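Listing of query06.tsv; format and content: TSV, C-alpha atoms.
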```
chain	number	residue	atom	x	y	z
A	40	MET	CA	-17.00	-5.29	-2.27
A	41	PRO	CA	-19.23	-3.12	-4.46
A	42	ASP	CA	-20.82	0.04	-3.13
A	43	LEU	CA	-24.48	-1.07	-3.05
A	44	ARG	CA	-25.67	2.54	-3.23
A	45	SER	CA	-23.99	2.91	-6.63
A	46	ILE	CA	-25.76	-0.01	-8.36
A	47	SER	CA	-27.39	0.86	-11.68
A	48	PHE	CA	-28.46	-1.11	-14.78
A	49	LEU	CA	-27.50	-0.82	-18.42
A	50	TRP	CA	-30.69	-2.60	-19.59
A	51	PRO	CA	-33.20	-1.73	-16.83
A	52	LEU	CA	-36.29	-2.74	-18.86
A	53	LEU	CA	-35.23	-6.39	-18.69
A	54	LEU	CA	-35.67	-6.29	-14.91
A	55	PHE	CA	-39.41	-6.67	-15.53
A	56	THR	CA	-38.70	-10.32	-16.34
A	57	ALA	CA	-38.30	-10.81	-12.59
A	58	ALA	CA	-42.08	-10.35	-12.22
A	59	ALA	CA	-42.51	-13.78	-13.76
A	60	VAL	CA	-40.76	-15.48	-10.84
A	61	PRO	CA	-43.43	-14.83	-8.14
A	62	LEU	CA	-46.13	-15.73	-10.68
A	63	ILE	CA	-44.45	-19.07	-11.37
A	64	ALA	CA	-43.94	-19.63	-7.63
A	65	GLY	CA	-47.62	-18.95	-6.95
A	66	LEU	CA	-48.72	-21.28	-9.74
A	67	TYR	CA	-46.41	-23.99	-8.40
A	68	ALA	CA	-47.88	-23.67	-4.90
A	69	TYR	CA	-51.42	-23.76	-6.27
A	70	LYS	CA	-50.85	-26.87	-8.40
A	71	THR	CA	-48.78	-28.90	-5.90
A	72	LYS	CA	-50.23	-27.59	-2.63
A	73	ARG	CA	-46.63	-27.23	-1.47
A	74	MET	CA	-44.41	-24.30	-0.64
A	75	PRO	CA	-42.37	-23.27	-3.67
A	76	PRO	CA	-38.60	-23.91	-3.54
A	77	TRP	CA	-37.36	-20.53	-2.30
A	78	VAL	CA	-33.71	-21.19	-3.10
A	79	LEU	CA	-34.69	-21.83	-6.72
A	80	CYS	CA	-36.85	-18.69	-6.76
A	81	LEU	CA	-34.01	-16.59	-5.41
A	82	GLY	CA	-31.65	-18.02	-8.03
A	83	LEU	CA	-34.13	-17.19	-10.80
A	84	LEU	CA	-34.53	-13.65	-9.48
A	85	LEU	CA	-30.75	-13.17	-9.59
A	86	LEU	CA	-30.65	-14.47	-13.17
A	87	CYS	CA	-33.38	-12.00	-14.13
A	88	THR	CA	-31.38	-9.25	-12.42
A	89	ALA	CA	-28.32	-10.26	-14.45
A	90	LEU	CA	-30.35	-9.69	-17.64
A	91	GLY	CA	-30.48	-6.01	-16.69
A	92	ARG	CA	-26.66	-5.87	-16.75
A	93	PRO	CA	-26.00	-4.41	-13.28
A	94	GLN	CA	-22.98	-2.23	-12.63
A	95	ALA	CA	-21.52	-0.82	-9.42
A	96	VAL	CA	-18.53	1.11	-8.11
A	97	LEU	CA	-15.73	-1.33	-7.31
A	98	MET	CA	-12.24	-0.87	-5.87
A	99	THR	CA	-9.78	-1.99	-8.53
A	100	PRO	CA	-5.95	-2.24	-8.27
A	101	LEU	CA	-3.87	0.56	-9.74
A	102	ARG	CA	-1.31	-0.59	-12.27
A	103	GLU	CA	0.99	2.40	-11.84
A	104	ALA	CA	1.45	2.15	-8.04
A	105	THR	CA	5.02	2.60	-6.78
A	106	VAL	CA	6.68	2.06	-3.39
A	107	MET	CA	10.14	3.33	-2.47
A	108	LEU	CA	12.03	1.37	0.18
A	109	VAL	CA	14.42	3.64	2.10
A	110	ILE	CA	16.96	1.77	4.23
A	111	ASP	CA	19.17	3.45	6.82
A	112	THR	CA	22.79	2.37	6.21
A	113	SER	CA	24.42	4.56	8.87
A	114	GLY	CA	26.98	3.10	11.27
A	115	SER	CA	24.42	2.65	14.04
A	116	MET	CA	22.69	0.00	11.93
A	117	ARG	CA	25.52	-2.43	12.77
A	118	ALA	CA	24.09	-2.66	16.31
A	119	GLN	CA	23.11	-6.18	17.32
A	120	ASP	CA	20.03	-5.55	19.44
A	121	LEU	CA	18.27	-7.16	16.44
A	122	LYS	CA	19.92	-10.43	15.46
A	123	PRO	CA	22.20	-10.91	13.66
A	124	SER	CA	22.31	-7.10	13.30
A	125	ARG	CA	19.93	-4.27	12.52
A	126	ILE	CA	21.04	-3.98	8.91
A	127	GLU	CA	20.91	-7.72	8.22
A	128	ALA	CA	17.44	-7.99	9.77
A	129	ALA	CA	16.32	-5.04	7.65
A	130	GLN	CA	17.70	-6.66	4.48
A	131	LEU	CA	15.89	-9.92	5.23
A	132	ALA	CA	12.60	-8.12	5.85
A	133	ALA	CA	12.99	-6.07	2.66
A	134	GLN	CA	13.61	-9.27	0.68
A	135	LYS	CA	10.42	-10.76	2.10
A	136	PHE	CA	8.48	-7.63	1.16
A	137	ILE	CA	9.78	-7.80	-2.42
A	138	GLU	CA	8.98	-11.52	-2.69
A	139	GLY	CA	5.38	-10.90	-1.66
A	140	LYS	CA	4.73	-7.77	-3.72
A	141	PRO	CA	2.05	-7.84	-6.43
A	142	ALA	CA	3.52	-8.41	-9.88
A	143	ARG	CA	2.60	-4.92	-11.16
A	144	LEU	CA	3.75	-3.02	-8.06
A	145	ARG	CA	6.90	-1.05	-8.86
A	146	VAL	CA	9.47	-0.87	-6.05
A	147	GLY	CA	12.62	1.23	-5.78
A	148	LEU	CA	15.44	1.29	-3.23
A	149	VAL	CA	17.19	4.26	-1.62
A	150	THR	CA	20.08	3.92	0.85
A	151	VAL	CA	20.73	6.57	3.49
A	152	ALA	CA	23.90	7.35	5.44
A	153	GLY	CA	25.76	10.70	5.36
A	154	THR	CA	23.90	11.26	2.10
A	155	ALA	CA	21.34	9.25	0.16
A	156	ALA	CA	21.56	7.38	-3.12
A	157	LEU	CA	19.07	5.77	-5.48
A	158	ALA	CA	20.32	2.17	-5.37
A	159	GLN	CA	17.55	0.93	-7.68
A	160	ALA	CA	15.06	2.93	-9.70
A	161	PRO	CA	11.44	1.77	-9.35
A	162	THR	CA	10.95	-1.50	-11.17
A	163	GLU	CA	8.65	-4.50	-11.28
A	164	GLU	CA	11.66	-6.86	-11.58
A	165	ARG	CA	12.31	-8.70	-8.32
A	166	GLY	CA	15.74	-9.87	-9.47
A	167	ALA	CA	17.05	-6.31	-9.87
A	168	LEU	CA	15.78	-5.41	-6.40
A	169	PHE	CA	17.35	-8.47	-4.78
A	170	LYS	CA	20.67	-7.61	-6.41
A	171	ALA	CA	20.50	-4.03	-5.10
A	172	LEU	CA	19.87	-5.36	-1.60
A	173	GLU	CA	22.84	-7.74	-1.61
A	174	SER	CA	25.45	-5.16	-0.65
A	175	LEU	CA	24.54	-2.25	1.62
A	176	PRO	CA	27.84	-0.85	3.00
A	177	LEU	CA	27.48	1.06	6.27
A	178	GLN	CA	28.83	4.61	6.29
A	179	TYR	CA	29.19	7.55	8.64
A	180	GLY	CA	26.30	9.95	9.25
A	181	SER	CA	22.52	9.78	8.88
A	182	ALA	CA	20.65	12.06	6.48
A	183	LEU	CA	17.07	10.79	6.68
A	184	GLY	CA	15.69	14.01	5.21
A	185	THR	CA	17.87	13.46	2.14
A	186	GLY	CA	16.52	9.92	1.87
A	187	LEU	CA	12.95	11.22	1.71
A	188	LEU	CA	13.95	13.92	-0.78
A	189	ILE	CA	15.69	11.51	-3.17
A	190	SER	CA	12.69	9.18	-2.94
A	191	LEU	CA	10.25	11.97	-3.77
A	192	GLU	CA	12.30	13.06	-6.77
A	193	ALA	CA	12.32	9.47	-8.09
A	194	LEU	CA	8.62	8.92	-7.40
A	195	LEU	CA	7.41	12.23	-8.86
A	196	PRO	CA	9.45	13.22	-11.93
A	197	GLY	CA	8.34	16.55	-13.32
A	198	SER	CA	6.90	17.69	-9.99
A	199	GLY	CA	9.37	20.56	-9.55
A	200	ILE	CA	11.36	18.83	-6.80
A	201	ASP	CA	15.06	19.57	-7.37
A	202	ALA	CA	16.71	17.31	-4.81
A	203	GLN	CA	20.30	18.35	-5.52
A	204	LYS	CA	19.52	22.06	-5.21
A	205	ILE	CA	17.78	21.61	-1.86
A	206	ILE	CA	20.62	19.38	-0.58
A	207	ASN	CA	23.28	21.88	-1.67
A	208	GLN	CA	21.49	24.79	-0.01
A	209	ALA	CA	21.06	22.80	3.19
A	210	SER	CA	24.82	22.13	3.32
A	211	GLU	CA	25.90	25.75	2.74
A	212	PRO	CA	26.83	28.05	5.66
A	213	GLY	CA	23.69	29.45	7.26
A	214	ALA	CA	23.77	32.98	6.00
A	215	VAL	CA	20.39	34.68	6.07
A	216	LYS	CA	20.28	35.19	2.32
A	217	LYS	CA	21.11	31.57	1.61
A	218	ALA	CA	18.57	30.39	4.15
A	219	GLU	CA	15.93	32.52	2.48
A	220	SER	CA	16.91	31.11	-0.91
A	221	ALA	CA	16.61	27.56	0.42
A	222	GLY	CA	13.20	28.38	1.82
A	223	GLN	CA	12.05	29.73	-1.53
A	224	SER	CA	13.25	26.58	-3.30
A	225	LEU	CA	11.39	24.40	-0.85
A	226	ASP	CA	8.25	26.54	-1.18
A	227	ALA	CA	8.36	26.08	-4.95
A	228	ALA	CA	8.68	22.32	-4.52
A	229	LYS	CA	5.74	22.39	-2.12
A	230	ALA	CA	3.41	23.73	-4.81
A	231	PRO	CA	2.62	20.56	-6.73
A	232	LYS	CA	0.78	20.50	-10.00
A	233	GLU	CA	-2.52	18.64	-9.95
A	234	ALA	CA	-1.01	15.75	-11.96
A	235	SER	CA	1.84	15.46	-9.45
A	236	ALA	CA	-0.55	15.29	-6.50
A	237	SER	CA	-2.57	12.65	-8.32
A	238	ARG	CA	0.56	10.53	-8.84
A	239	GLY	CA	1.46	11.02	-5.19
A	240	ARG	CA	-1.70	9.24	-4.14
A	241	ASN	CA	-0.46	6.18	-6.03
A	242	THR	CA	2.91	6.10	-4.27
A	243	ALA	CA	4.34	5.48	-0.82
A	244	ILE	CA	7.66	5.50	0.99
A	245	VAL	CA	8.68	2.85	3.51
A	246	LEU	CA	11.52	4.16	5.68
A	247	MET	CA	13.48	1.69	7.83
A	248	SER	CA	15.69	3.43	10.37
A	249	ASP	CA	16.68	3.71	14.01
A	250	GLY	CA	15.47	7.32	13.85
A	251	GLN	CA	18.77	9.17	14.17
A	252	SER	CA	19.19	11.99	11.64
A	253	ASN	CA	22.10	14.41	11.93
A	254	MET	CA	22.90	15.57	8.41
A	255	GLY	CA	21.30	17.02	5.28
A	256	PRO	CA	17.92	18.75	4.85
A	257	ASP	CA	15.61	18.77	7.86
A	258	PHE	CA	13.85	15.41	8.24
A	259	ILE	CA	10.52	16.91	9.31
A	260	LYS	CA	10.50	19.53	6.54
A	261	MET	CA	11.04	16.80	3.97
A	262	ALA	CA	8.09	14.93	5.49
A	263	GLU	CA	6.00	18.09	5.06
A	264	LEU	CA	7.10	18.17	1.42
A	265	ALA	CA	5.95	14.55	1.01
A	266	ALA	CA	2.61	15.40	2.63
A	267	THR	CA	2.12	18.32	0.24
A	268	HIS	CA	2.50	15.93	-2.69
A	269	GLU	CA	0.17	13.42	-0.97
A	270	VAL	CA	2.88	10.77	-0.61
A	271	LYS	CA	2.41	8.65	2.52
A	272	VAL	CA	5.49	7.69	4.51
A	273	TYR	CA	5.39	4.48	6.54
A	274	THR	CA	8.20	4.46	9.11
A	275	VAL	CA	9.68	1.34	10.65
A	276	GLY	CA	11.70	1.81	13.84
A	277	ILE	CA	14.68	-0.59	13.75
A	278	GLY	CA	16.21	-1.55	17.11
A	279	THR	CA	15.27	-1.44	20.78
A	280	LEU	CA	14.73	1.42	23.21
A	281	GLU	CA	17.60	0.07	25.33
A	282	GLY	CA	19.87	0.01	22.30
A	283	ASP	CA	23.28	-1.58	21.91
A	284	VAL	CA	26.92	-0.52	22.18
A	285	VAL	CA	28.76	-0.22	18.86
A	286	ARG	CA	32.28	0.88	17.99
A	287	MET	CA	32.52	3.66	15.41
A	288	GLN	CA	35.69	5.53	14.45
A	289	GLY	CA	37.58	4.11	17.41
A	290	ARG	CA	34.90	5.07	19.93
A	291	SER	CA	32.27	3.04	21.77
A	292	MET	CA	28.78	4.47	21.99
A	293	ARG	CA	25.30	3.25	22.81
A	294	VAL	CA	22.81	3.67	19.99
A	295	LYS	CA	19.11	3.52	20.83
A	296	LEU	CA	15.95	3.53	18.78
A	297	GLU	CA	14.70	7.14	18.58
A	298	GLU	CA	11.00	6.96	17.79
A	299	ASP	CA	9.76	10.54	18.12
A	300	ALA	CA	10.83	11.81	14.69
A	301	LEU	CA	9.71	8.61	12.95
A	302	LYS	CA	6.27	8.86	14.55
A	303	LYS	CA	5.97	12.52	13.61
A	304	VAL	CA	6.88	11.85	9.98
A	305	SER	CA	4.30	9.08	9.62
A	306	THR	CA	1.63	11.26	11.25
A	307	LEU	CA	2.42	14.27	9.02
A	308	THR	CA	2.07	12.18	5.86
A	309	GLN	CA	-0.94	10.12	7.03
A	310	GLY	CA	1.20	6.99	6.99
A	311	GLU	CA	1.81	4.71	9.95
A	312	TYR	CA	4.64	3.97	12.39
A	313	PHE	CA	5.74	0.44	13.27
A	314	ARG	CA	8.26	-0.56	15.91
A	315	ALA	CA	10.42	-3.57	15.07
A	316	ASP	CA	12.30	-4.45	18.25
A	317	SER	CA	13.18	-7.99	17.17
A	318	ALA	CA	14.05	-9.73	13.92
A	319	GLU	CA	10.77	-11.68	14.10
A	320	GLY	CA	8.86	-8.49	14.82
A	321	LEU	CA	10.41	-6.84	11.78
A	322	LEU	CA	9.21	-9.66	9.52
A	323	ALA	CA	5.73	-9.30	11.04
A	324	VAL	CA	5.84	-5.56	10.28
A	325	TYR	CA	6.40	-6.29	6.61
A	326	ASP	CA	3.45	-8.68	6.59
A	327	LYS	CA	1.30	-5.84	7.92
A	328	LEU	CA	2.73	-3.39	5.41
A	329	GLY	CA	1.71	-5.71	2.60
A	330	TYR	CA	-1.91	-5.19	3.62
A	331	ARG	CA	-1.54	-1.43	4.15
A	332	LEU	CA	0.04	-0.77	0.77
A	333	ARG	CA	-2.93	-1.57	-1.41
A	334	PHE	CA	-3.25	1.07	-4.07
A	335	GLU	CA	-6.80	1.02	-5.35
A	336	LYS	CA	-9.15	3.29	-7.23
A	337	GLN	CA	-12.92	3.49	-7.49
A	338	ALA	CA	-14.31	2.60	-10.90
A	339	MET	CA	-17.79	1.81	-12.24
A	340	SER	CA	-17.66	-1.84	-13.34
A	341	GLU	CA	-20.23	-4.24	-14.73
A	342	ILE	CA	-21.03	-7.04	-12.25
A	343	THR	CA	-23.36	-9.08	-14.48
A	344	SER	CA	-21.14	-12.16	-14.42
A	345	TYR	CA	-21.01	-12.22	-10.61
A	346	VAL	CA	-24.79	-11.89	-10.24
A	347	ALA	CA	-25.42	-14.53	-12.92
A	348	LEU	CA	-22.92	-16.93	-11.35
A	349	LEU	CA	-24.56	-16.60	-7.93
A	350	GLY	CA	-27.99	-17.14	-9.49
A	351	MET	CA	-26.83	-20.27	-11.32
A	352	LEU	CA	-25.28	-21.67	-8.14
A	353	LEU	CA	-28.55	-21.24	-6.24
A	354	VAL	CA	-30.53	-22.88	-9.07
A	355	MET	CA	-28.11	-25.82	-9.11
A	356	ILE	CA	-28.20	-26.19	-5.32
A	357	SER	CA	-32.01	-26.23	-5.39
A	358	ALA	CA	-32.07	-28.81	-8.19
A	359	ILE	CA	-29.55	-31.08	-6.45
A	360	ARG	CA	-31.45	-30.94	-3.15
A	361	ALA	CA	-34.77	-31.73	-4.88
A	362	LEU	CA	-33.18	-34.58	-6.82
A	363	ALA	CA	-31.71	-36.10	-3.65
A	364	ARG	CA	-35.00	-35.89	-1.76
A	365	SER	CA	-37.58	-36.94	-4.34
A	366	GLY	CA	-35.72	-38.05	-7.42
A	367	ARG	CA	-37.13	-35.03	-9.29
A	368	ILE	CA	-35.81	-31.53	-9.93
A	369	LEU	CA	-39.21	-29.97	-9.07
```

With the file now loaded, output its structure as structure tokens.
Amino acid sequence: MPDLRSISFLWPLLLFTAAAVPLIAGLYAYKTKRMPPWVLCLGLLLLCTALGRPQAVLMTPLREATVMLVIDTSGSMRAQDLKPSRIEAAQLAAQKFIEGKPARLRVGLVTVAGTAALAQAPTEERGALFKALESLPLQYGSALGTGLLISLEALLPGSGIDAQKIINQASEPGAVKKAESAGQSLDAAKAPKEASASRGRNTAIVLMSDGQSNMGPDFIKMAELAATHEVKVYTVGIGTLEGDVVRMQGRSMRVKLEEDALKKVSTLTQGEYFRADSAEGLLAVYDKLGYRLRFEKQAMSEITSYVALLGMLLVMISAIRALARSGRIL
């Protein structure tokens, strides 16, 4: 919808042609002793308005928009509180999201377990994304902060984010000097250039996880880094609050959906949190995400064709009605 307050005209002098419409309507009423056809008059007014070449601020799609899908592939994702399992339900939902994406929307894929890897660089090609989704081996550990960091580096090249350096410093023994060095590196990454922040507004991260993070850079600090670069993170909680019992490394343990960190990350980045506690619910989440992830910009656009089309439709409707009633157009 156009912003009506922004309407202006390229040829404003031609708007004076609209003054002829009430004159013609008055002459018609005087000659025929009948009320003039108001639908026809309105159509003629719109056609006169179109002569002035109106323009308004419209929301138009961004061609360079990019979304990074981040899928948790830690061992807890083999839990079967979502059928057939958390990871299989997540794969199916991701496939549906890719199928329904706009043609020009670029999508990438990052997998997260004990570390994170860029499984597919952002691309418009659905086939490449489907292939990357086919095999997602589950591994030990969950480094959700690393997943966000790798995603940010892929989304914002040239932004000063050195993912490997931050990951290495996070894994070193916690000596004070090293901790200070890590903090300085993160502070540098948190000072985006204006161009980087602008690109961030055209990107988003969709993180699918059960919320458990026990390795790598701090999950919340990486969310703060995303927020600094104006990258929204939409988090999808996979699993149920009751959880399920899984066997990992010869031990049985109950793994539950841990929502608190996921909610905090989405809030920090002005994204949104969704809970998917069933396979059907997860598919519904991706339907909702399709509507949320509309990357648009405001641009002044000429709307002459729309105004002229509406005017012509009203003129035609008036003519057809008059023809059906009296056998005449007027």

Pick from A:Thr105, A:Thr154, A:Ser248, A:Ser198: nearest to Ser210 of chain A, with all atoms listed in the file counted?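 The closest residue to Ser210 of chain A is A:Thr154.
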
Separation of atom CA of Arg290 of chain A from atom CA of Arg125 of chain A, in Å and rounded to one decimal: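 Computing the Euclidean distance for atom CA of Arg290 of chain A and atom CA of Arg125 of chain A yields 19.1 Å.
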
Nearest residue to Lys295 of chain A out of A:Gly282, A:Pro176, A:Tyr312, A:Leu79, using all atoms listed in the file?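 Answer, going by the shortest atom-to-atom distance: A:Gly282.
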
Applying 9 Å and all atoms listed in the file, which residues near segment 155-158 of chain A remain after dropping the ones on its own chain fewer than 6 positions away? List them as a list of chain:residue names.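 Listed by chain and then number, they are A:Gly147, A:Leu148, A:Val149, A:Leu168, A:Ala171, A:Leu172, A:Ser181, A:Ala182, A:Leu183, A:Gly184, A:Thr185, A:Gly186, A:Leu187, A:Leu188, A:Ile189, A:Ser190, A:Ala193.
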
Tell me which protein, DNA and RNA residues are within 10 Å of segment 273-278 of chain A, counting only C-alpha atoms, leaving out same-chain ones fewer than 3 positions away, and put them as an NGL selection string. :A and (108-111 or 115-116 or 118-122 or 124-126 or 128-129 or 243-250 or 270 or 281-283 or 294-306 or 308-318 or 320-321 or 324-325 or 328 or 331-332)

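Shortest separation to Ile356 of chain A among A:Lys70, A:Thr150, A:Glu263, A:Val78 occurs at residue A:Val78, atoms counted being only C-alpha atoms.
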
One residue among A:Gly65, A:Arg293, A:Arg360, A:Glu341 is nearest to Gly91 of chain A when using all atoms listed in the file, and that residue is A:Glu341

Point out the residue among A:Leu194, A:Ile206, A:Ala347, A:Leu177 with the least atom-to-atom distance to Thr242 of chain A, counting all atoms listed in the file.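 Of A:Leu194, A:Ile206, A:Ala347, A:Leu177, the one nearest Thr242 of chain A, counting all atoms listed in the file, is A:Leu194.
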
Near Leu322 of chain A, within 8 Å and counting all atoms listed in the file, which residues show up once chain neighbours fewer than 3 positions away are dropped, as a PDB file with C-alpha atoms, keeping the file's coordinate frame?
```
ATOM      1  CA  LEU A 131      15.890  -9.920   5.230  1.00  0.00           C
ATOM      2  CA  ALA A 132      12.600  -8.120   5.850  1.00  0.00           C
ATOM      3  CA  LYS A 135      10.420 -10.760   2.100  1.00  0.00           C
ATOM      4  CA  ALA A 318      14.050  -9.730  13.920  1.00  0.00           C
ATOM      5  CA  GLU A 319      10.770 -11.680  14.100  1.00  0.00           C
ATOM      6  CA  TYR A 325       6.400  -6.290   6.610  1.00  0.00           C
ATOM      7  CA  ASP A 326       3.450  -8.680   6.590  1.00  0.00           C
TER       8      ASP A 326
END
```

Could you please determine the separation between atom CA of Val146 of chain A and atom CA of Gln208 of chain A in Å, to one decimal place? 29.0 Å

In Å, with one decimal, what is the gap from atom CA of Lys170 of chain A to atom CA of Gly153 of chain A? 22.4 Å

Using the file's own x, y and z axes, so that the box edges lie along x, y and z, what centre and edge lengths in Å (one decimal) does a box around every listed atom of segment 48-53 of chain A get when 8 Å is added on each side? Give it as JSON.
```
{"center_x": -31.9, "center_y": -3.6, "center_z": -17.2, "size_x": 24.8, "size_y": 21.6, "size_z": 20.8}
```

Which residues are near Ala142 of chain A? Cut-off 9 Å, all atoms listed in the file, ignore same chain within fewer than 2 positions. Put them as number ranges by chain. A: 139-140, 144-145, 163-165

Please produce an output containing C-alpha atoms for each residue in the selection, written as a PDB file, keeping the file's coordinate frame.
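Dumped everything to result_29.pdb:
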```pdb
ATOM      1  CA  GLY A 139       5.380 -10.900  -1.660  1.00  0.00           C
ATOM      2  CA  LYS A 140       4.730  -7.770  -3.720  1.00  0.00           C
ATOM      3  CA  LEU A 144       3.750  -3.020  -8.060  1.00  0.00           C
ATOM      4  CA  ARG A 145       6.900  -1.050  -8.860  1.00  0.00           C
ATOM      5  CA  GLU A 163       8.650  -4.500 -11.280  1.00  0.00           C
ATOM      6  CA  GLU A 164      11.660  -6.860 -11.580  1.00  0.00           C
ATOM      7  CA  ARG A 165      12.310  -8.700  -8.320  1.00  0.00           C
TER       8      ARG A 165
END
```
